[in-house]
Amino acid sequence: MYTTTIDIRVRYGETDQMGYLYYGNYALYYEVGRTDAIRQLGFTYRELEEQGVMMPVAEMQTKYLRPAYYDDVITVKTILKELPAAHKIQFHSELYNQKGELLNVGVVTLAFIDARTKTRMNMPDLLRDKLAPYFQ
């Protein structure tokens with residue numbers, strides 16, 4: 001299993017009239033977690049794209065348990081529970097407040113797409129090689 005965490009402070013512009021983190025912004029927090037997880041492996045989405053690999057979102061599931069509020073520091077935990085065997089990768093997200101309370105859980109599935117042919121492809125060897133040690 002591969003796990004990373006990153007903290008994000010809820011900004012005023014991300015909240016609704018009640019001062020809650022607006023429900024649509026949770027997807028952005030998942031993305032911050034995913035991009036940081038890739039960065040912690042030693043490369044970026046941009047580098048994958050330069051190598052001809054696109055990773056569009058194919059599916060997203062989310063469950064809201066408690067609200068996050070303006071100025072809260074949210075810990076985004078990003079988890080890869082399994083090493084992908086084919087053309088999709090699933091990132092599991094857990095969002096916690098400063099008290100350690102679980103606020104939200106989500107699963108985002110991305111597909112590996114060849115940028116040139118626009119067809120699906122298997123996980124690039126570069127990414128597989130970086131992730132494999134976490135699944136042995």
# chains A, B, ... in the order shown; residues from 1 in each chain; ligands from 1
>>> closest_atom_pairs(of="region 110-136 of chain A", to="region 68-92 of chain A", cutoff="8 Å", atoms="only C-alpha atoms", output="CSV")
residue,atom,partner,partner_atom,distance
A:Leu110,CA,A:Ile89,CA,5.4
A:Ala111,CA,A:Lys88,CA,4.4
A:Phe112,CA,A:His87,CA,5.3
A:Ile113,CA,A:His87,CA,7.8
A:Arg120,CA,A:His87,CA,6.3
A:Met121,CA,A:His87,CA,5.4
A:Asn122,CA,A:His87,CA,4.2
A:Met123,CA,A:His87,CA,5.8
A:Arg128,CA,A:Leu83,CA,7.7
A:Leu131,CA,A:Leu83,CA,7.2
A:Ala132,CA,A:Leu83,CA,7.0
A:Phe135,CA,A:Leu83,CA,6.7
>>> residues_around(residues="Tyr20 (chain A)", least_positions_apart="5", cutoff="12 Å", atoms="only C-alpha atoms", output="PyMOL selection string")
chain A and resi 10-15+25-26+64+66-72+103
>>> write_last_selection(atoms="C-alpha atoms", output="PDB file, in the first residue's frame")
ATOM      1  CA  VAL A  10      -9.776  25.897   3.793  1.00  0.00           C
ATOM      2  CA  ARG A  11      -9.868  29.310   2.112  1.00  0.00           C
ATOM      3  CA  TYR A  12     -12.826  31.665   2.367  1.00  0.00           C
ATOM      4  CA  GLY A  13     -13.538  31.452  -1.375  1.00  0.00           C
ATOM      5  CA  GLU A  14     -13.902  27.662  -1.092  1.00  0.00           C
ATOM      6  CA  THR A  15     -16.800  27.890   1.361  1.00  0.00           C
ATOM      7  CA  ASN A  25     -14.345  21.598  -3.846  1.00  0.00           C
ATOM      8  CA  TYR A  26     -13.673  18.193  -2.315  1.00  0.00           C
ATOM      9  CA  TYR A  64     -19.548  13.402   3.214  1.00  0.00           C
ATOM     10  CA  ARG A  66     -18.805  15.911   8.663  1.00  0.00           C
ATOM     11  CA  PRO A  67     -18.324  19.437   7.346  1.00  0.00           C
ATOM     12  CA  ALA A  68     -15.002  21.200   6.996  1.00  0.00           C
ATOM     13  CA  TYR A  69     -15.115  24.901   7.859  1.00  0.00           C
ATOM     14  CA  TYR A  70     -13.411  28.070   6.725  1.00  0.00           C
ATOM     15  CA  ASP A  71      -9.818  28.285   8.049  1.00  0.00           C
ATOM     16  CA  ASP A  72      -9.706  24.607   9.138  1.00  0.00           C
ATOM     17  CA  LEU A 103     -14.721  14.303   7.406  1.00  0.00           C
TER      18      LEU A 103
END
>>> residues_around(residues="region 56-63 of chain A", least_positions_apart="4", cutoff="7 Å", atoms="only C-alpha atoms", output="compact mmCIF listing (two decimals) with C-alpha atoms, in the first residue's frame")
# COMPACT_ATOMS: atom_id res chain seq x y z
CA ASN A 104 -14.92 12.79 3.96
CA VAL A 105 -13.89 9.74 1.96
CA GLY A 106 -13.58 9.42 -1.78
CA VAL A 107 -12.33 7.16 -4.52
CA VAL A 108 -11.13 8.57 -7.83
CA THR A 109 -10.45 6.23 -10.73
CA LEU A 110 -8.20 7.48 -13.51
CA ALA A 111 -7.46 5.82 -16.84
>>> atom_distance(atom1="CA of Tyr2 (chain A)", atom2="CA of Tyr23 (chain A)")
26.4 Å
>>> select_by_dssp(residues="chain A", states="strand (DSSP E)", output="count of residues only")
47
>>> closest_residue(among="A:Tyr45, A:Tyr29, A:Leu21, A:Asp16", to="Ser93 (chain A)", atoms="only C-alpha atoms")
A:Tyr29
>>> closest_residue(among="A:Gly33, A:Gly52, A:Gly19, A:Pro133", to="Thr117 (chain A)", atoms="only C-alpha atoms")
A:Gly52
>>> select_by_dssp(residues="chain A", states="alpha helix (DSSP H)", output="PyMOL selection string")
chain A and resi 26-40+45-50+125-131
>>> atom_distance(atom1="CA of Arg9 (chain A)", atom2="CA of Arg46 (chain A)")
24.7 Å
>>> atom_distance(atom1="CA of Gln98 (chain A)", atom2="CA of Tyr22 (chain A)")
18.3 Å
